[in-house]
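Reproduced below: run.cif, with mmCIF, C-alpha atoms.
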```
data_final
loop_
_atom_site.group_PDB
_atom_site.id
_atom_site.type_symbol
_atom_site.label_atom_id
_atom_site.label_comp_id
_atom_site.auth_asym_id
_atom_site.auth_seq_id
_atom_site.Cartn_x
_atom_site.Cartn_y
_atom_site.Cartn_z
ATOM 1 C CA ARG H 1 71.713 102.542 87.945
ATOM 2 C CA PHE H 2 72.484 101.436 84.388
ATOM 3 C CA GLY H 3 69.674 98.890 84.552
ATOM 4 C CA ALA H 4 67.092 101.268 83.094
ATOM 5 C CA LEU H 5 69.505 102.185 80.278
ATOM 6 C CA PHE H 6 70.104 98.525 79.366
ATOM 7 C CA GLU H 7 66.364 97.861 79.474
ATOM 8 C CA ALA H 8 65.640 100.753 77.100
ATOM 9 C CA LEU H 9 68.458 99.918 74.665
ATOM 10 C CA GLN H 10 67.434 96.291 74.467
ATOM 11 C CA MET H 11 63.690 97.047 74.345
ATOM 12 C CA THR H 12 63.176 94.164 76.751
ATOM 13 C CA PRO H 13 60.832 95.209 79.600
ATOM 14 C CA GLY H 14 62.075 93.951 82.959
ATOM 15 C CA GLN H 15 65.501 92.850 81.684
ATOM 16 C CA GLN H 16 68.006 95.231 83.257
ATOM 17 C CA ARG H 17 71.111 93.130 82.640
ATOM 18 C CA PRO H 18 73.128 93.417 79.398
ATOM 19 C CA THR H 19 72.328 90.592 76.990
ATOM 20 C CA ALA H 20 74.529 88.789 74.478
ATOM 21 C CA GLY H 21 72.662 90.560 71.667
ATOM 22 C CA LEU H 22 73.364 94.025 73.101
ATOM 23 C CA LEU H 23 77.045 93.301 73.797
ATOM 24 C CA ASN H 24 77.532 91.834 70.353
ATOM 25 C CA ALA H 25 75.893 94.891 68.727
ATOM 26 C CA TRP H 26 78.133 97.278 70.667
ATOM 27 C CA TRP H 27 81.456 95.557 69.985
ATOM 28 C CA ARG H 28 80.918 93.740 66.684
ATOM 29 C CA PRO H 29 83.950 94.473 64.490
ATOM 30 C CA ALA H 30 83.646 95.441 60.828
ATOM 31 C CA ARG H 31 84.683 91.907 59.982
ATOM 32 C CA ASP H 32 82.713 89.547 62.212
ATOM 33 C CA ASP H 33 85.182 86.978 63.583
ATOM 34 C CA GLY H 34 83.009 85.812 66.483
ATOM 35 C CA GLY H 35 85.048 87.884 68.946
ATOM 36 C CA VAL H 36 82.286 88.864 71.369
ATOM 37 C CA PRO H 37 80.721 85.381 71.675
ATOM 38 C CA ARG H 38 84.199 83.916 72.080
ATOM 39 C CA LEU H 39 85.046 86.337 74.871
ATOM 40 C CA LEU H 40 81.713 85.706 76.586
ATOM 41 C CA ARG H 41 82.283 81.936 76.430
ATOM 42 C CA ARG H 42 85.721 82.391 77.960
ATOM 43 C CA LEU H 43 84.385 84.553 80.810
ATOM 44 C CA LEU H 44 81.663 81.959 81.457
ATOM 45 C CA GLU H 45 84.224 79.119 81.445
ATOM 46 C CA LEU H 46 86.354 80.986 83.978
ATOM 47 C CA GLY H 47 83.346 81.621 86.205
ATOM 48 C CA LEU H 48 83.746 85.399 86.004
ATOM 49 C CA LEU H 49 80.261 85.672 84.501
ATOM 50 C CA GLU H 50 77.040 83.718 84.947
ATOM 51 C CA GLU H 51 73.937 83.573 82.780
ATOM 52 C CA SER H 52 70.927 84.828 84.716
ATOM 53 C CA ASN H 53 68.474 83.252 82.228
ATOM 54 C CA PRO H 54 70.235 80.250 80.643
ATOM 55 C CA ASP H 55 66.992 78.911 79.112
ATOM 56 C CA ALA H 56 66.428 82.019 76.982
ATOM 57 C CA PRO H 57 67.449 82.213 73.289
ATOM 58 C CA ARG H 58 71.188 82.838 72.962
ATOM 59 C CA SER H 59 70.943 86.497 71.940
ATOM 60 C CA GLN H 60 68.597 87.238 74.875
ATOM 61 C CA ARG H 61 70.723 85.640 77.575
ATOM 62 C CA ALA H 62 71.775 88.154 80.215
ATOM 63 C CA PHE H 63 74.966 88.120 82.241
ATOM 64 C CA VAL H 64 75.857 88.885 85.839
ATOM 65 C CA VAL H 65 79.067 88.811 87.874
ATOM 66 C CA PRO H 66 78.788 86.281 90.782
ATOM 67 C CA ALA H 67 78.066 88.080 94.065
ATOM 68 C CA LEU H 68 81.237 86.925 95.892
ATOM 69 C CA LEU H 69 83.469 88.058 93.028
ATOM 70 C CA TRP H 70 81.645 91.392 92.758
ATOM 71 C CA GLU H 71 82.157 92.075 96.468
ATOM 72 C CA ALA H 72 85.849 91.200 96.159
ATOM 73 C CA LEU H 73 86.239 93.538 93.170
ATOM 74 C CA ARG H 74 84.636 96.328 95.197
ATOM 75 C CA GLY H 75 86.845 95.646 98.229
ATOM 76 C CA GLN H 76 83.873 94.635 100.379
ATOM 77 C CA SER H 77 84.822 91.047 101.212
ATOM 78 C CA SER H 78 84.575 89.886 104.817
ATOM 79 C CA GLU H 79 86.360 87.117 106.692
ATOM 80 C CA HIS H 80 83.463 84.644 106.461
ATOM 81 C CA LEU H 81 82.431 84.466 102.814
ATOM 82 C CA GLY H 82 79.906 81.638 103.110
ATOM 83 C CA PRO H 83 79.458 78.116 104.518
ATOM 84 C CA GLY H 84 82.870 76.514 104.860
ATOM 85 C CA LEU H 85 84.664 79.441 103.173
ATOM 86 C CA ARG H 86 86.900 81.769 105.187
ATOM 87 C CA HIS H 87 89.366 84.470 104.155
ATOM 88 C CA VAL H 88 92.350 85.267 106.387
ATOM 89 C CA ALA H 89 94.205 88.318 105.078
ATOM 90 C CA LEU H 90 97.990 88.588 105.010
ATOM 91 C CA GLU H 91 97.904 91.218 107.762
ATOM 92 C CA ALA H 92 96.357 88.660 110.141
ATOM 93 C CA LEU H 93 98.886 85.972 109.173
ATOM 94 C CA LEU H 94 101.827 88.246 109.934
ATOM 95 C CA SER H 95 100.988 88.114 113.643
ATOM 96 C CA GLU H 96 100.906 84.297 113.758
ATOM 97 C CA PRO H 97 103.982 82.416 115.032
ATOM 98 C CA GLU H 98 105.917 80.039 112.798
ATOM 99 C CA PRO H 99 105.016 76.345 113.173
ATOM 100 C CA ILE H 100 107.269 74.243 115.393
ATOM 101 C CA LEU H 101 108.738 71.507 113.184
ATOM 102 C CA ASP H 102 111.734 69.202 113.130
ATOM 103 C CA THR H 103 114.872 70.323 111.294
ATOM 104 C CA GLU H 104 114.183 68.423 108.066
ATOM 105 C CA LEU H 105 110.603 69.618 107.726
ATOM 106 C CA SER H 106 111.580 73.189 108.652
ATOM 107 C CA SER H 107 114.119 73.143 105.818
ATOM 108 C CA THR H 108 111.473 71.840 103.396
ATOM 109 C CA LEU H 109 109.006 74.501 104.531
ATOM 110 C CA ALA H 110 111.537 77.284 104.004
ATOM 111 C CA GLY H 111 111.933 76.311 100.347
ATOM 112 C CA LEU H 112 108.257 75.885 99.440
ATOM 113 C CA PRO H 113 107.429 79.556 98.640
ATOM 114 C CA ALA H 114 110.322 79.697 96.170
ATOM 115 C CA LEU H 115 109.165 76.510 94.417
ATOM 116 C CA LEU H 116 105.701 78.024 93.949
ATOM 117 C CA GLU H 117 107.000 81.421 92.840
ATOM 118 C CA GLN H 118 109.364 79.824 90.311
ATOM 119 C CA ASP H 119 106.441 77.808 88.884
ATOM 120 C CA ARG H 120 108.181 74.512 89.647
ATOM 121 C CA ILE H 121 105.124 73.215 91.512
ATOM 122 C CA ASP H 122 101.458 74.273 91.523
ATOM 123 C CA ALA H 123 100.142 72.726 94.729
ATOM 124 C CA ILE H 124 101.147 71.461 98.179
ATOM 125 C CA VAL H 125 99.259 68.564 99.776
ATOM 126 C CA VAL H 126 99.720 68.244 103.551
ATOM 127 C CA ARG H 127 98.584 64.953 105.088
ATOM 128 C CA GLY H 128 98.277 64.042 108.743
ATOM 129 C CA PRO H 129 95.895 63.876 111.698
ATOM 130 C CA ARG H 130 93.483 66.693 112.504
ATOM 131 C CA ASN H 131 94.567 69.521 114.800
ATOM 132 C CA ASN H 132 98.213 68.831 114.045
ATOM 133 C CA GLY H 133 99.278 72.062 112.367
ATOM 134 C CA ARG H 134 98.384 71.213 108.757
ATOM 135 C CA ARG H 135 96.715 74.558 108.038
ATOM 136 C CA THR H 136 99.331 76.370 110.130
ATOM 137 C CA LEU H 137 102.028 75.011 107.835
ATOM 138 C CA LEU H 138 100.207 76.203 104.714
ATOM 139 C CA ARG H 139 99.537 79.581 106.295
ATOM 140 C CA SER H 140 103.281 79.909 106.764
ATOM 141 C CA VAL H 141 103.792 79.134 103.062
ATOM 142 C CA ALA H 142 101.181 81.741 102.082
ATOM 143 C CA ARG H 143 102.861 84.295 104.328
ATOM 144 C CA GLY H 144 106.166 83.562 102.593
ATOM 145 C CA LEU H 145 104.462 84.319 99.267
ATOM 146 C CA GLY H 146 103.079 87.596 100.597
ATOM 147 C CA ARG H 147 99.526 86.227 100.435
ATOM 148 C CA GLY H 148 96.647 85.532 102.764
ATOM 149 C CA VAL H 149 94.725 82.257 102.710
ATOM 150 C CA LEU H 150 91.255 81.311 101.549
ATOM 151 C CA GLU H 151 90.220 78.214 103.507
ATOM 152 C CA LEU H 152 87.523 76.059 101.900
ATOM 153 C CA GLU H 153 86.038 72.937 103.477
ATOM 154 C CA LEU H 154 84.873 70.553 100.772
ATOM 155 C CA THR H 155 81.641 68.606 101.124
ATOM 156 C CA GLY H 156 82.560 65.425 99.236
ATOM 157 C CA LYS H 157 79.818 66.092 96.653
ATOM 158 C CA ALA H 158 81.756 66.164 93.395
ATOM 159 C CA ASP H 159 79.668 68.595 91.318
ATOM 160 C CA ALA H 160 79.179 71.094 94.129
ATOM 161 C CA ASP H 161 82.845 70.917 95.137
ATOM 162 C CA VAL H 162 84.054 71.568 91.572
ATOM 163 C CA ALA H 163 82.048 74.807 91.427
ATOM 164 C CA ARG H 164 83.222 75.882 94.889
ATOM 165 C CA VAL H 165 86.888 75.172 94.080
ATOM 166 C CA ARG H 166 86.635 77.254 90.901
ATOM 167 C CA THR H 167 85.075 80.150 92.828
ATOM 168 C CA ALA H 168 87.731 79.897 95.557
ATOM 169 C CA ALA H 169 90.488 79.996 92.931
ATOM 170 C CA LEU H 170 89.071 83.173 91.378
ATOM 171 C CA LEU H 171 88.574 84.781 94.788
ATOM 172 C CA GLY H 172 92.147 83.850 95.671
ATOM 173 C CA VAL H 173 93.425 85.839 92.687
ATOM 174 C CA LEU H 174 91.224 88.853 93.493
ATOM 175 C CA LEU H 175 92.029 88.823 97.228
ATOM 176 C CA ARG H 176 95.679 87.788 96.763
ATOM 177 C CA ALA H 177 95.149 84.719 98.905
ATOM 178 C CA MET H 178 96.204 81.087 98.510
ATOM 179 C CA PRO H 179 93.224 78.702 98.403
ATOM 180 C CA VAL H 180 93.576 75.956 101.044
ATOM 181 C CA LEU H 181 91.149 73.067 100.506
ATOM 182 C CA ARG H 182 90.272 70.773 103.397
ATOM 183 C CA LEU H 183 89.360 67.158 102.608
ATOM 184 C CA GLU H 184 88.430 64.461 105.085
ATOM 185 C CA LEU H 185 88.148 61.143 103.229
ATOM 186 C CA GLY H 186 87.611 57.601 104.388
ATOM 187 C CA PRO H 187 89.731 54.587 103.399
ATOM 188 C CA GLY H 188 89.348 53.843 99.696
ATOM 189 C CA GLU H 189 87.749 57.212 98.892
ATOM 190 C CA THR H 190 89.290 59.444 96.229
ATOM 191 C CA ALA H 191 88.608 63.100 95.449
ATOM 192 C CA GLU H 192 89.092 64.664 92.018
ATOM 193 C CA LEU H 193 90.238 68.288 91.885
ATOM 194 C CA PRO H 194 89.566 70.147 88.625
ATOM 195 C CA ARG H 195 92.048 72.339 86.823
ATOM 196 C CA LEU H 196 91.921 75.834 88.294
ATOM 197 C CA PRO H 197 90.519 78.523 85.971
ATOM 198 C CA LEU H 198 93.568 80.734 86.619
ATOM 199 C CA ARG H 199 97.069 79.640 87.594
ATOM 200 C CA ALA H 200 97.657 80.256 91.299
ATOM 201 C CA PRO H 201 99.303 78.427 94.238
ATOM 202 C CA LEU H 202 97.047 75.851 95.891
ATOM 203 C CA GLY H 203 97.132 74.101 99.260
ATOM 204 C CA VAL H 204 95.301 70.886 100.193
ATOM 205 C CA VAL H 205 94.839 69.541 103.732
ATOM 206 C CA MET H 206 93.747 65.952 104.278
ATOM 207 C CA GLY H 207 94.044 63.028 106.646
ATOM 208 C CA SER H 208 96.138 59.909 106.281
ATOM 209 C CA SER H 209 93.386 57.928 104.528
ATOM 210 C CA GLY H 210 91.842 58.448 101.114
ATOM 211 C CA GLY H 211 93.376 59.766 97.924
ATOM 212 C CA VAL H 212 93.319 62.924 95.860
ATOM 213 C CA ARG H 213 94.067 63.451 92.188
ATOM 214 C CA GLY H 214 93.119 65.594 89.232
ATOM 215 C CA PRO H 215 94.481 68.252 86.867
ATOM 216 C CA ALA H 216 95.013 70.731 89.721
ATOM 217 C CA LEU H 217 97.588 68.371 91.262
ATOM 218 C CA GLU H 218 99.639 67.413 88.205
ATOM 219 C CA ARG H 219 102.661 69.218 89.701
ATOM 220 C CA SER H 220 102.142 68.862 93.431
ATOM 221 C CA LEU H 221 104.407 68.260 96.414
ATOM 222 C CA HIS H 222 103.148 66.011 99.217
ATOM 223 C CA VAL H 223 104.162 66.630 102.843
ATOM 224 C CA ALA H 224 103.444 64.208 105.704
ATOM 225 C CA LEU H 225 102.898 65.868 109.083
ATOM 226 C CA GLU H 226 103.113 63.172 111.728
ATOM 227 C CA LEU H 227 102.390 63.443 115.460
ATOM 228 C CA PRO H 228 105.149 65.484 117.114
ATOM 229 C CA GLY H 229 107.836 63.619 119.037
ATOM 230 C CA VAL H 230 108.781 64.299 122.655
ATOM 231 C CA GLU H 231 111.237 67.083 121.842
ATOM 232 C CA LEU H 232 108.771 68.917 119.614
ATOM 233 C CA ARG H 233 106.017 68.538 122.203
ATOM 234 C CA ALA H 234 108.339 70.066 124.810
ATOM 235 C CA ARG H 235 109.055 73.003 122.509
ATOM 236 C CA GLN H 236 105.334 73.532 121.931
ATOM 237 C CA LEU H 237 104.689 73.473 125.677
ATOM 238 C CA GLU H 238 107.548 75.918 126.110
ATOM 239 C CA ARG H 239 105.824 78.373 123.782
ATOM 240 C CA SER H 240 102.405 77.903 125.398
ATOM 241 C CA LEU H 241 103.466 77.774 129.060
ATOM 242 C CA GLU H 242 106.432 80.154 128.799
ATOM 243 C CA GLN H 243 108.723 77.792 130.674
ATOM 244 C CA PRO H 244 112.064 76.281 129.564
ATOM 245 C CA ALA H 245 111.632 73.194 127.406
ATOM 246 C CA ALA H 246 114.104 71.236 129.534
ATOM 247 C CA GLU H 247 111.705 71.503 132.485
ATOM 248 C CA LEU H 248 108.788 70.218 130.395
ATOM 249 C CA LEU H 249 110.287 67.010 128.997
ATOM 250 C CA GLU H 250 108.593 64.778 131.543
ATOM 251 C CA LEU H 251 105.232 66.427 130.881
ATOM 252 C CA ALA H 252 105.749 66.071 127.130
ATOM 253 C CA LEU H 253 106.645 62.402 127.559
ATOM 254 C CA ARG H 254 103.360 61.674 129.349
ATOM 255 C CA HIS H 255 101.082 63.457 126.853
ATOM 256 C CA ARG H 256 101.293 62.163 123.288
ATOM 257 C CA MET H 257 98.961 64.550 121.449
ATOM 258 C CA THR H 258 98.662 66.446 118.209
ATOM 259 C CA SER H 259 100.268 69.866 118.296
ATOM 260 C CA GLY H 260 96.899 71.650 118.264
ATOM 261 C CA ASN H 261 95.453 69.617 121.143
ATOM 262 C CA LEU H 262 98.660 70.070 123.109
ATOM 263 C CA GLN H 263 98.461 73.848 122.756
ATOM 264 C CA ARG H 264 94.797 73.862 123.782
ATOM 265 C CA ALA H 265 95.577 71.758 126.843
ATOM 266 C CA ALA H 266 98.407 74.136 127.781
ATOM 267 C CA ARG H 267 96.128 77.179 127.423
ATOM 268 C CA LEU H 268 93.488 75.527 129.595
ATOM 269 C CA ALA H 269 96.125 74.693 132.205
ATOM 270 C CA ARG H 270 97.237 78.333 132.309
ATOM 271 C CA THR H 271 93.617 79.509 132.580
ATOM 272 C CA TYR H 272 92.859 77.162 135.481
ATOM 273 C CA ALA H 273 96.118 78.099 137.200
ATOM 274 C CA SER H 274 95.270 81.785 136.873
ATOM 275 C CA LEU H 275 91.749 81.132 138.177
ATOM 276 C CA GLY H 276 93.147 79.203 141.144
ATOM 277 C CA GLN H 277 95.464 82.103 142.035
ATOM 278 C CA GLN H 278 92.556 84.561 141.938
ATOM 279 C CA ILE H 279 90.408 82.349 144.156
ATOM 280 C CA GLY H 280 93.297 81.756 146.523
#
```

Could you show the structure in this file as structure tokens?
Amino acid sequence: RFGALFEALQMTPGQQRPTAGLLNAWWRPARDDGGVPRLLRRLLELGLLEESNPDAPRSQRAFVVPALLWEALRGQSSEHLGPGLRHVALEALLSEPEPILDTELSSTLAGLPALLEQDRIDAIVVRGPRNNGRRTLLRSVARGLGRGVLELELTGKADADVARVRTAALLGVLLRAMPVLRLELGPGETAELPRLPLRAPLGVVMGSSGGVRGPALERSLHVALELPGVELRARQLERSLEQPAAELLELALRHRMTSGNLQRAARLARTYASLGQQIG
């Protein structure tokens, strides 16, 4: 509703966004030290503002807050924020079970939130096959930080991905969520991750092939999540089938799968068993 006011003050018919000229006139100090243009440049660099008419003369350029950030500021964000971008709030993560890991990896996982909180690392890169608990592990880290997660699937197009990573980082701060970037690269491919506009914990999920580098990963910890062994598969079946792990060792020995596929197979088995009982 301030659009008409801005239009009248600027004497620019049809321009209902505040311009650089108007903002500079309002907040220009007695001694002009370039404060307003400097602040505007910083907000543009961070991605908190965008120019709606970048081709206009500098004083006539108008500014707008990106739609996703505006919705987050107003508390109107949803779970699905756009293509390949999903927000899972902390409340939803609290109901998820802890990942089933071996003793060494469980010990490492327990210490990761503290490393991030103490600013000893900035990012965690989890490598391994798909559907093997990579995102589950990072969700557990986010839960330990008292945060949700903001899952972003990257496209592999460098320029577009840089802009999307910057937006995800800003949304993560506003929504108190840890950005988790998903990369699927082929052998010999390398992705470059830019420095985040604001310091915040970052998670990266990728396969065993390809490489990742960049300013965002200068202080990163890499975790390898291999296929679960027989004992871990038995424990995962125990959780899914609600039977003692000792009785499931033979079944676990026969089915060498990722943890996610194993859980899906167990759920399907329970569904078919329940269906068979109803028919019988």

- [ ] Given the file shown, enumerate the residues that the PyMOL selection byres ((chain H and resi 17-29) around 12) captures and present them as a ChimeraX atom specification.
- [x] /H:1-16,30-41,49-54,56-65

TODO: Could you jot down the CA of Val162 in chain H to CA of Thr136 in chain H separation for me, Å, one decimal place?
DONE: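 Between these atoms lies a distance of 24.5 Å.
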
Task: Exercise: range 192-204 of chain H partners within 6 Å, all atoms listed in the file, chain neighbours under 6 positions left out, as a ChimeraX atom specification - done: /H:46,122-125,178-182,212-216

Task: Counting all atoms listed in the file, the residue of H:Glu104, H:Glu98, H:Glu151, H:Glu218 that sits nearest Arg164 in chain H - done: H:Glu151

Task: Residue neighbourhood range 73-77 of chain H, 9 Å, only C-alpha atoms, exclusion window fewer than 5 positions, as a list of chain:residue names - done: H:Leu68, H:His87, H:Leu174, H:Leu175

Open item on the list: For a cutoff of 9 Å around the file-coordinate point (104.7, 75.2, 123.8), which residues qualify once you count all atoms listed in the file? I'd like the result as a list in words.
Closed with: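 Within the cut-off we find Ile100, Leu232, Arg233, Ala234, Arg235, Gln236, Leu237, Glu238, Arg239, Ser240, Leu241, Glu242, Gln243, Ala245, Ser259, Leu262, Gln263 and Ala266 of chain H.
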
Open item on the list: To one decimal place in Å, what is the distance between CA of Val165 in chain H and CA of Asp55 in chain H?
Closed with: 25.2 Å

Task: Picked residues, the PyMOL selection byres ((chain H and resi 209) around 6), expected as a ChimeraX atom specification - done: /H:186-187,207-208,210

Open item on the list: Just to confirm, what's the straight-line distance from CA of Ala224 in chain H to CA of Pro129 in chain H in Å (one decimal)?
Closed with: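 So the two atoms, CA of Ala224 in chain H and CA of Pro129 in chain H, lie 9.6 Å apart.
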
Open item on the list: Measuring between all atoms listed in the file, which one of H:Leu105, H:Ala265, H:Arg42, H:Leu150 shows the shortest distance to Thr167 in chain H?
Closed with: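 Of all the options, H:Leu150 lies closest to Thr167 in chain H.
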
Task: Expected selection from the PyMOL selection byres ((chain H and resi 84) around 6), given as a list in words - done: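 Residues picked by the PyMOL selection byres ((chain H and resi 84) around 6): Pro83, Leu85, Leu152 and Glu153 of chain H.
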
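Here the question is which of H:Glu189, H:Glu79, H:Glu184, H:Glu250 gets nearest to Met206 in chain H using all atoms listed in the file, and that residue is H:Glu184.
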